[in-house]
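Enquirer: File data_32.csv below, CSV, C-alpha atoms and all ligand atoms:
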chain,number,residue,atom,x,y,z
A,1,MET,CA,-14.1,10.5,1.4
A,2,ALA,CA,-11.3,9.5,3.7
A,3,GLN,CA,-12.0,9.2,7.3
A,4,ALA,CA,-9.9,10.0,10.3
A,5,ILE,CA,-8.2,7.0,11.9
A,6,GLY,CA,-8.1,6.8,15.7
A,7,LYS,CA,-7.2,10.1,17.4
A,8,TRP,CA,-5.7,11.8,14.3
A,9,SER,CA,-8.0,14.1,12.3
A,10,TYR,CA,-7.4,14.3,8.6
A,11,THR,CA,-7.1,18.0,8.0
A,12,LYS,CA,-4.7,20.0,5.9
A,13,GLY,CA,-1.6,21.2,7.7
A,14,LEU,CA,0.8,20.3,10.5
A,15,HIS,CA,-0.1,17.7,13.1
A,16,ASP,CA,2.0,17.4,16.3
A,17,LEU,CA,2.6,13.7,17.0
A,18,GLY,CA,4.3,14.6,20.3
A,19,ASN,CA,8.1,14.5,21.2
A,20,GLY,CA,9.1,16.7,18.3
A,21,CYS,CA,7.6,14.6,15.4
A,22,TYR,CA,5.2,16.2,13.1
A,23,ALA,CA,3.1,15.2,10.0
A,24,TYR,CA,2.1,17.7,7.4
A,25,LEU,CA,-1.0,16.4,5.6
A,26,GLN,CA,-2.8,17.4,2.4
A,27,PRO,CA,-6.2,15.9,2.0
A,28,ASP,CA,-7.7,14.2,0.0
A,29,GLY,CA,-4.4,12.3,-0.7
A,30,GLY,CA,-5.2,11.8,-4.4
A,31,TRP,CA,-2.9,12.4,-7.3
A,32,GLY,CA,-0.2,14.9,-6.2
A,33,TRP,CA,-1.7,15.5,-2.7
A,34,SER,CA,1.2,14.1,-0.7
A,35,ASN,CA,2.2,14.2,3.0
A,36,ALA,CA,5.5,15.2,4.6
A,37,GLY,CA,7.1,14.9,8.0
A,38,LEU,CA,9.3,16.8,10.4
A,39,VAL,CA,11.6,15.5,13.1
A,40,VAL,CA,13.1,18.0,15.6
A,41,ASP,CA,15.4,17.6,18.6
A,42,GLY,CA,17.9,19.8,20.5
A,43,GLY,CA,17.5,22.7,18.0
A,44,GLU,CA,18.1,20.4,15.0
A,45,SER,CA,15.6,19.3,12.3
A,46,MET,CA,15.1,16.8,9.6
A,47,LEU,CA,12.4,17.2,6.9
A,48,VAL,CA,10.9,14.1,5.3
A,49,ASP,CA,9.9,15.1,1.7
A,50,THR,CA,8.9,18.3,0.1
A,51,LEU,CA,5.6,18.9,-1.9
A,52,PHE,CA,4.5,19.0,-5.5
A,53,ASP,CA,5.1,22.7,-6.2
A,54,LEU,CA,6.8,25.7,-4.7
A,55,LYS,CA,3.7,27.5,-3.4
A,56,LEU,CA,2.6,24.4,-1.4
A,57,THR,CA,6.1,23.7,-0.1
A,58,ARG,CA,6.6,27.4,1.0
A,59,GLU,CA,3.3,27.3,2.8
A,60,MET,CA,4.4,24.1,4.6
A,61,LEU,CA,7.8,25.4,5.6
A,62,ASP,CA,6.2,28.6,7.0
A,63,THR,CA,3.8,26.5,9.1
A,64,MET,CA,6.7,24.4,10.4
A,65,ARG,CA,8.7,27.5,11.3
A,66,ARG,CA,5.8,28.9,13.2
A,67,ALA,CA,5.5,25.6,15.2
A,68,GLU,CA,9.3,25.2,15.7
A,69,PRO,CA,10.8,28.7,15.3
A,70,LYS,CA,14.3,27.5,16.5
A,71,ALA,CA,14.7,24.0,15.1
A,72,ALA,CA,12.9,24.6,11.7
A,73,ALA,CA,14.5,28.0,11.0
A,74,ARG,CA,17.3,26.3,9.2
A,75,ILE,CA,16.5,22.7,8.3
A,76,GLY,CA,19.7,20.7,8.5
A,77,ALA,CA,18.6,17.6,6.6
A,78,LEU,CA,16.0,16.8,4.0
A,79,VAL,CA,15.2,13.2,3.2
A,80,ASN,CA,13.5,12.4,-0.1
A,81,THR,CA,11.6,9.1,0.4
A,82,HIS,CA,11.5,8.6,-3.4
A,83,SER,CA,11.7,10.3,-6.8
A,84,ASN,CA,8.1,11.2,-7.6
A,85,GLY,CA,7.6,15.0,-8.0
A,86,ASP,CA,5.1,15.3,-5.2
A,87,HIS,CA,7.8,14.4,-2.8
A,88,CYS,CA,10.8,16.4,-4.1
A,89,PHE,CA,9.6,19.3,-6.4
A,90,GLY,CA,10.0,21.8,-3.5
A,91,ASN,CA,13.6,20.8,-2.6
A,92,GLN,CA,15.1,24.0,-3.9
A,93,LEU,CA,13.3,25.9,-1.0
A,94,VAL,CA,15.1,24.0,1.7
A,95,THR,CA,18.3,26.0,1.2
A,96,GLY,CA,21.5,24.8,2.8
A,97,ALA,CA,20.1,21.4,3.8
A,98,GLU,CA,21.9,18.2,3.2
A,99,ILE,CA,19.5,16.3,0.8
A,100,ILE,CA,19.5,12.5,1.5
A,101,SER,CA,18.0,9.8,-0.6
A,102,SER,CA,18.8,6.2,-1.7
A,103,LYS,CA,21.3,6.0,-4.6
A,104,ALA,CA,18.5,4.5,-6.8
A,105,CYS,CA,16.2,7.4,-6.0
A,106,ALA,CA,18.8,10.0,-6.9
A,107,GLU,CA,19.4,8.2,-10.2
A,108,GLU,CA,15.7,8.1,-11.0
A,109,MET,CA,15.3,11.8,-10.2
A,110,GLU,CA,18.0,12.6,-12.8
A,111,LEU,CA,16.3,10.4,-15.3
A,112,GLU,CA,12.8,11.8,-14.7
A,113,GLY,CA,14.2,15.3,-15.6
A,114,GLY,CA,12.3,17.4,-13.1
A,115,ALA,CA,9.0,19.3,-13.5
A,116,LYS,CA,9.4,20.2,-17.2
A,117,ARG,CA,7.6,17.1,-18.4
A,118,LEU,CA,4.6,17.8,-16.2
A,119,ALA,CA,4.5,21.5,-17.1
A,120,ASP,CA,4.4,20.4,-20.8
A,121,SER,CA,1.7,17.8,-20.2
A,122,LYS,CA,-0.4,20.5,-18.5
A,123,ARG,CA,0.1,23.0,-21.3
A,124,ASN,CA,-0.7,20.4,-24.0
A,125,ALA,CA,-3.6,18.7,-22.3
A,126,SER,CA,-6.2,20.3,-24.5
A,127,GLN,CA,-4.8,18.5,-27.5
A,128,MET,CA,-4.7,15.1,-25.9
A,129,GLY,CA,-8.4,14.1,-25.8
A,130,GLU,CA,-9.7,12.1,-22.9
A,131,THR,CA,-6.2,11.5,-21.5
A,132,GLY,CA,-5.6,15.3,-21.7
A,133,GLU,CA,-8.9,16.0,-19.8
A,134,PHE,CA,-7.7,13.6,-17.1
A,135,PHE,CA,-4.2,15.3,-16.9
A,136,ALA,CA,-5.8,18.7,-16.8
A,137,ARG,CA,-8.0,17.7,-13.9
A,138,ILE,CA,-5.4,16.0,-11.8
A,139,LEU,CA,-2.7,18.6,-12.5
A,140,ALA,CA,-4.9,21.7,-12.3
A,141,PRO,CA,-4.2,22.5,-8.6
A,142,PHE,CA,-0.4,22.6,-9.1
A,143,ASP,CA,2.0,25.1,-10.6
A,144,PHE,CA,5.1,23.6,-12.2
A,145,GLU,CA,6.7,26.8,-13.3
A,146,GLY,CA,10.0,27.9,-11.7
A,147,ILE,CA,10.8,24.4,-10.4
A,148,ASP,CA,14.5,23.4,-10.6
A,149,VAL,CA,14.8,20.4,-8.4
A,150,SER,CA,17.7,20.3,-6.0
A,151,MET,CA,19.3,16.9,-6.2
A,152,PRO,CA,20.4,14.7,-3.3
A,153,THR,CA,23.8,15.6,-1.9
A,154,LEU,CA,24.2,12.4,0.1
A,155,THR,CA,23.0,8.9,-1.0
A,156,PHE,CA,23.1,5.5,0.5
A,157,GLU,CA,22.2,1.9,-0.2
A,158,GLY,CA,20.5,-0.4,2.3
A,159,GLU,CA,20.3,1.6,5.5
A,160,MET,CA,21.6,4.8,7.0
A,161,VAL,CA,21.3,6.0,10.6
A,162,ARG,CA,21.2,9.7,11.2
A,163,ARG,CA,21.0,11.8,14.4
A,164,VAL,CA,18.7,14.7,14.8
A,165,GLY,CA,19.8,16.2,18.2
A,166,ASN,CA,19.8,13.2,20.5
A,167,LYS,CA,17.3,11.3,18.4
A,168,THR,CA,18.1,8.5,16.0
A,169,VAL,CA,16.4,8.3,12.6
A,170,ARG,CA,16.8,5.0,10.7
A,171,LEU,CA,16.5,5.5,6.9
A,172,ILE,CA,15.7,2.1,5.5
A,173,GLN,CA,15.7,1.4,1.7
A,174,VAL,CA,12.9,-1.0,0.8
A,175,GLY,CA,12.7,-0.2,-3.0
A,176,PRO,CA,12.6,-0.9,-5.8
A,177,ALA,CA,8.8,-1.2,-5.1
A,178,HIS,CA,6.6,1.9,-5.7
A,179,THR,CA,9.7,3.5,-7.4
A,180,ARG,CA,13.3,2.4,-7.8
A,181,GLY,CA,14.6,3.6,-4.5
A,182,ASP,CA,11.9,3.9,-1.9
A,183,VAL,CA,13.0,4.7,1.7
A,184,LEU,CA,11.2,4.6,5.0
A,185,ALA,CA,12.2,7.1,7.8
A,186,TYR,CA,11.8,5.4,11.2
A,187,VAL,CA,12.2,7.2,14.5
A,188,PRO,CA,12.4,4.3,17.1
A,189,ASP,CA,12.4,6.5,20.2
A,190,ASP,CA,9.1,8.0,19.2
A,191,ARG,CA,7.7,4.8,17.6
A,192,VAL,CA,6.9,6.9,14.5
A,193,ILE,CA,7.5,6.0,10.9
A,194,PHE,CA,7.2,8.1,7.8
A,195,THR,CA,6.6,5.7,4.9
A,196,GLY,CA,6.6,7.8,1.7
A,197,ASP,CA,4.5,6.1,-0.9
A,198,ILE,CA,5.0,2.6,0.4
A,199,LEU,CA,1.7,3.5,2.0
A,200,PHE,CA,-1.3,5.1,0.4
A,201,ILE,CA,-4.1,5.1,3.0
A,202,HIS,CA,-7.7,5.1,1.6
A,203,GLY,CA,-6.3,5.4,-1.9
A,204,HIS,CA,-5.1,2.8,-4.3
A,205,PRO,CA,-1.3,2.3,-4.3
A,206,ILE,CA,0.4,2.6,-7.7
A,207,ILE,CA,3.1,0.1,-8.5
A,208,TRP,CA,5.2,2.1,-11.0
A,209,VAL,CA,8.2,-0.3,-10.7
A,210,GLY,CA,7.8,-3.3,-8.5
A,211,PRO,CA,8.6,-6.1,-7.7
A,212,VAL,CA,5.5,-6.3,-5.7
A,213,GLY,CA,7.2,-8.8,-3.5
A,214,ASN,CA,9.6,-6.1,-2.2
A,215,TRP,CA,6.6,-3.9,-1.4
A,216,ILE,CA,4.9,-6.7,0.5
A,217,LYS,CA,8.1,-7.3,2.4
A,218,ALA,CA,8.3,-3.6,3.3
A,219,CYS,CA,4.8,-3.8,4.8
A,220,GLN,CA,5.9,-6.9,6.8
A,221,LEU,CA,9.0,-5.0,8.0
A,222,MET,CA,6.8,-2.2,9.3
A,223,LEU,CA,4.5,-4.7,11.0
A,224,ASP,CA,7.5,-6.2,12.7
A,225,LEU,CA,8.9,-2.8,13.9
A,226,ASP,CA,8.0,-1.3,17.2
A,227,VAL,CA,5.7,1.4,15.8
A,228,GLU,CA,2.7,3.2,17.0
A,229,THR,CA,2.1,6.1,14.6
A,230,VAL,CA,2.4,5.6,10.8
A,231,VAL,CA,2.5,8.6,8.5
A,232,PRO,CA,1.8,7.5,4.9
A,233,GLY,CA,2.9,9.3,1.7
A,234,HIS,CA,-0.8,10.0,0.9
A,235,GLY,CA,-3.9,9.9,3.1
A,236,PRO,CA,-4.6,10.1,6.9
A,237,ILE,CA,-2.2,9.2,9.7
A,238,THR,CA,-2.7,5.5,10.6
A,239,ASP,CA,-1.2,2.6,12.6
A,240,LYS,CA,-0.3,-1.0,11.9
A,241,LYS,CA,-3.9,-1.6,10.8
A,242,GLY,CA,-3.3,0.7,7.8
A,243,VAL,CA,-0.1,-1.2,7.0
A,244,ALA,CA,-1.9,-4.5,7.1
A,245,GLU,CA,-4.6,-3.2,4.7
A,246,VAL,CA,-2.1,-2.1,2.1
A,247,LYS,CA,-0.3,-5.5,2.4
A,248,GLY,CA,-3.7,-7.3,2.0
A,249,TYR,CA,-4.5,-5.2,-1.1
A,250,LEU,CA,-1.1,-6.0,-2.7
A,251,GLU,CA,-1.5,-9.7,-2.0
A,252,TYR,CA,-5.0,-9.7,-3.4
A,253,ILE,CA,-4.3,-8.0,-6.7
A,254,THR,CA,-1.2,-10.2,-7.1
A,255,ARG,CA,-3.3,-13.3,-6.8
A,256,GLU,CA,-6.1,-12.0,-9.0
A,257,ALA,CA,-3.7,-10.8,-11.7
A,258,ARG,CA,-1.8,-14.1,-11.7
A,259,HIS,CA,-5.0,-16.1,-12.4
A,260,ARG,CA,-5.8,-13.9,-15.4
A,261,TYR,CA,-2.1,-13.9,-16.6
A,262,ASP,CA,-2.2,-17.7,-16.5
A,263,ALA,CA,-5.4,-17.6,-18.5
A,264,ASP,CA,-3.8,-15.4,-21.1
A,265,MET,CA,-6.2,-12.5,-20.5
A,266,PRO,CA,-4.8,-9.2,-21.8
A,267,VAL,CA,-3.7,-6.5,-19.4
A,268,PHE,CA,-6.6,-4.1,-20.0
A,269,GLU,CA,-9.2,-6.8,-19.8
A,270,ALA,CA,-7.7,-8.1,-16.5
A,271,ALA,CA,-7.6,-4.6,-15.1
A,272,GLN,CA,-11.3,-4.2,-15.7
A,273,ASP,CA,-12.2,-7.8,-14.6
A,274,ILE,CA,-10.6,-7.7,-11.1
A,275,SER,CA,-13.2,-6.9,-8.5
A,276,LEU,CA,-12.3,-3.9,-6.4
A,277,ALA,CA,-15.5,-4.1,-4.4
A,278,ASP,CA,-13.6,-4.5,-1.1
A,279,TYR,CA,-11.8,-1.2,-1.9
A,280,SER,CA,-14.7,0.8,-3.1
A,281,SER,CA,-14.1,3.5,-0.5
A,282,TRP,CA,-10.5,4.0,-1.7
A,283,GLY,CA,-9.7,6.8,-4.2
A,284,ASP,CA,-8.0,6.5,-7.6
A,285,ALA,CA,-9.1,3.0,-8.6
A,286,GLU,CA,-7.9,3.6,-12.2
A,287,ARG,CA,-4.4,2.8,-10.9
A,288,ILE,CA,-5.3,-0.9,-11.2
A,289,VAL,CA,-4.3,-0.5,-14.9
A,290,ILE,CA,-0.6,0.3,-14.1
A,291,ASN,CA,-0.6,-2.3,-11.3
A,292,VAL,CA,-1.8,-5.2,-13.5
A,293,ALA,CA,0.7,-4.2,-16.2
A,294,THR,CA,3.6,-4.1,-13.7
A,295,LEU,CA,2.5,-7.5,-12.3
A,296,TYR,CA,2.2,-9.1,-15.8
A,297,SER,CA,5.7,-7.8,-16.6
A,298,GLU,CA,7.0,-9.3,-13.4
A,299,PHE,CA,5.2,-12.7,-13.9
A,300,SER,CA,6.7,-13.0,-17.4
A,301,GLY,CA,10.2,-11.8,-16.5
A,302,GLY,CA,9.6,-8.8,-18.8
A,303,THR,CA,8.4,-10.6,-21.9
A,304,ALA,CA,4.6,-10.0,-21.5
A,305,LYS,CA,2.9,-7.8,-24.0
A,306,ILE,CA,2.3,-4.6,-22.0
A,307,PRO,CA,0.4,-1.6,-23.6
A,308,GLY,CA,2.4,1.6,-23.9
A,309,MET,CA,2.3,4.3,-21.3
A,310,GLY,CA,0.1,6.6,-23.5
A,311,GLU,CA,-2.5,3.8,-23.9
A,312,MET,CA,-2.4,3.0,-20.2
A,313,TRP,CA,-3.1,6.7,-19.3
A,314,GLY,CA,-6.0,6.6,-21.8
A,315,LEU,CA,-7.6,3.6,-20.1
A,316,MET,CA,-7.0,5.2,-16.6
A,317,ALA,CA,-8.6,8.4,-17.9
A,318,ARG,CA,-11.7,6.3,-19.0
A,319,ILE,CA,-12.0,4.5,-15.7
A,320,ALA,CA,-11.5,7.7,-13.7
A,321,LYS,CA,-14.1,9.4,-15.8
A,322,SER,CA,-16.7,6.7,-15.2
A,323,GLN,CA,-16.1,7.0,-11.5
A,324,HIS,CA,-16.4,10.7,-11.5
A,325,ALA,CA,-19.6,10.8,-13.6
B,401,ZN,ZN,3.3,10.5,-3.8
Re-express the file's structure as structure tokens.
Ligand SMILES: [Zn+2]

Expert:
Amino acid sequence: MAQAIGKWSYTKGLHDLGNGCYAYLQPDGGWGWSNAGLVVDGGESMLVDTLFDLKLTREMLDTMRRAEPKAAARIGALVNTHSNGDHCFGNQLVTGAEIISSKACAEEMELEGGAKRLADSKRNASQMGETGEFFARILAPFDFEGIDVSMPTLTFEGEMVRRVGNKTVRLIQVGPAHTRGDVLAYVPDDRVIFTGDILFIHGHPIIWVGPVGNWIKACQLMLDLDVETVVPGHGPITDKKGVAEVKGYLEYITREARHRYDADMPVFEAAQDISLADYSSWGDAERIVINVATLYSEFSGGTAKIPGMGEMWGLMARIAKSQHA
């Protein structure tokens, strides 16, 4: 179970970081249980990410409006840190807001085609064997009906600087890494950063896209910034120690996967052969399957033999089941 870090408790709901920055947390931070952020100043507001379904997002917006009746009554800007549904499926509820993302994130959102795919997986899970059981378990808490994702209305590449009242927010594109267009939202005046899924704290990161080098660079960038409070995409609020741990994990699995790639070990064997003993307290260890596959693809310049997505979900289901037993 994830522990609180420093002075921040890891409980569901809104956490006031001081000076008009808030984190909205959803323990336990596993599949779909994402965090969001709110920045307010001078009666204006910026929301960083929505949640995985409409009910959860509505509950979050209500909580924010209670805490900041004036500034959060009408949210002026919504930033999507990346395209995964647990960070944008509630977009349609933030009516009237400008929706900002990287250009690559917006393109990926179009490609992923919204919530329908997940609603279908959930409906068909009972016919999908072990993989279906896994889908059913991780998707059970969420309701994908009625979701019609509002797309970004303003995109950028590289970096964009926005004002919220008198406050500056730097939106820094660091992807492709976790997804194609990951963005960090950094509030220099408050020494706060919202990282999206560039950080999973006390959970295994999942490298959907890579290259892992970009992700490691993003961690280094955060370590070099003047930052005190770090709000990850999943898990408890942390500080630079949490950033360093994720960087260490990425460097470790890159090294370990490389040895096995050089020895011609197949992806599935390598995924099960790499020791995760140092990360035994982190959740969702099955993600090592996707991570090794992405790394092999990267090492080979795209020519390595990578199992299909269906097969990979199958192995993840098996690993997850063995850990839940
Ligand atoms: Zn996420």

Enquirer: Identify, on the basis of only C-alpha atoms, every residue whose closest approach to Thr153 (chain A) does not exceed 8 Å; exclude the query and any residue fewer than 4 positions from it along the same chain; express the result as a PyMOL selection string.

Expert: chain A and resi 98-100

Enquirer: For those residues, write C-alpha atoms to a file as a compact mmCIF listing (two decimals), in the coordinates of the input.

Expert:
# COMPACT_ATOMS: atom_id res chain seq x y z
CA GLU A 98 21.90 18.20 3.20
CA ILE A 99 19.50 16.30 0.80
CA ILE A 100 19.50 12.50 1.50

Enquirer: Taking only C-alpha atoms and all ligand atoms into account, name the residue in A:Leu221, A:Met265, A:Leu25, A:Val94 that is nearest to ligand ZN 401 (chain B).

Expert: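 So, comparing all the options, the nearest one is A:Leu25.
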
Enquirer: What gap, in Å, lies between CA of Ala119 (chain A) and CA of Ser102 (chain A)?

Expert: 26.0 Å

Enquirer: Counting all atoms listed in the file, name the residues that have an atom within 7 Å of an atom of ligand ZN 401 (chain B); the answer should be given as a compact mmCIF listing (two decimals) with C-alpha atoms, in the frame of the given file.

Expert:
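Saved result, out_15.txt, follows:
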# COMPACT_ATOMS: atom_id res chain seq x y z
CA GLY A 32 -0.20 14.90 -6.20
CA SER A 34 1.20 14.10 -0.70
CA ASN A 84 8.10 11.20 -7.60
CA ASP A 86 5.10 15.30 -5.20
CA HIS A 87 7.80 14.40 -2.80
CA GLY A 196 6.60 7.80 1.70
CA ASP A 197 4.50 6.10 -0.90
CA GLY A 233 2.90 9.30 1.70
CA HIS A 234 -0.80 10.00 0.90

Enquirer: In Å, rounded to a single decimal, give me how far CA of Ala106 (chain A) is from CA of Met151 (chain A).

Expert: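 Straight-line distance from CA of Met151 (chain A) to CA of Ala106 (chain A) works out to 7.0 Å.
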
Enquirer: Pull the closest atom pair for each residue of region 120-175 of chain A that gets at most 12 Å from region 56-71 of chain A, along with the distance in Å to one decimal, counting all atoms listed in the file, ordering rows by chain and then ascending residue number, as JSON lines.

Expert:
{"residue": "A:Pro141", "atom": "CA", "partner": "A:Leu56", "partner_atom": "CA", "distance": 10.1}
{"residue": "A:Phe142", "atom": "CA", "partner": "A:Leu56", "partner_atom": "CA", "distance": 8.5}
{"residue": "A:Asp143", "atom": "CA", "partner": "A:Leu56", "partner_atom": "CA", "distance": 9.2}
{"residue": "A:Phe144", "atom": "CA", "partner": "A:Leu56", "partner_atom": "CA", "distance": 11.1}
{"residue": "A:Ile147", "atom": "CA", "partner": "A:Thr57", "partner_atom": "CA", "distance": 11.3}
{"residue": "A:Val164", "atom": "CA", "partner": "A:Ala71", "partner_atom": "CA", "distance": 10.1}
{"residue": "A:Gly165", "atom": "CA", "partner": "A:Ala71", "partner_atom": "CA", "distance": 9.8}

Enquirer: Got a sec: who's within 12 Å of His324 (chain A), counting all atoms listed in the file, leaving out chain neighbours fewer than 5 positions off, as a PyMOL selection string?

Expert: chain A and resi 134+137+283-286+317-319

Enquirer: Rank nothing, just name the residue among A:Ile206, A:Ala97, A:Leu154, A:Val243 nearest to Ile288 (chain A), using only C-alpha atoms.

Expert: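 Looking only at the distances to Ile288 (chain A), the closest residue turns out to be A:Ile206.
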
Enquirer: Taking only C-alpha atoms into account, which of A:Ala104, A:Gly129, A:Leu295, A:Gly37 comes nearest Asp262 (chain A)?

Expert: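 Nearest to Asp262 (chain A): A:Leu295.
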
Enquirer: Could you list, as a list in words, every residue within 9 Å of Arg287 (chain A), counting only C-alpha atoms and ignoring same-chain residues fewer than 4 positions away?

Expert: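 Once the adjacent positions are removed, what remains is His204, Pro205, Ile206, Ile207, Asn291, Val292 and Met316 of chain A.
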
Enquirer: Give, as lines of an AutoDock Vina configuration file, the centre coordinates and the x, y and z edge lengths in Å to one decimal for an axis-aligned box around all listed atoms of region 42-52 of chain A, padded by 8 Å on each side.

Expert:
center_x = 11.3
center_y = 18.4
center_z = 7.5
size_x = 29.6
size_y = 24.6
size_z = 42.0

Enquirer: What is the CA of Ala72 (chain A) to CA of Leu47 (chain A) distance in Å?

Expert: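 These two atoms are separated by 8.8 Å.
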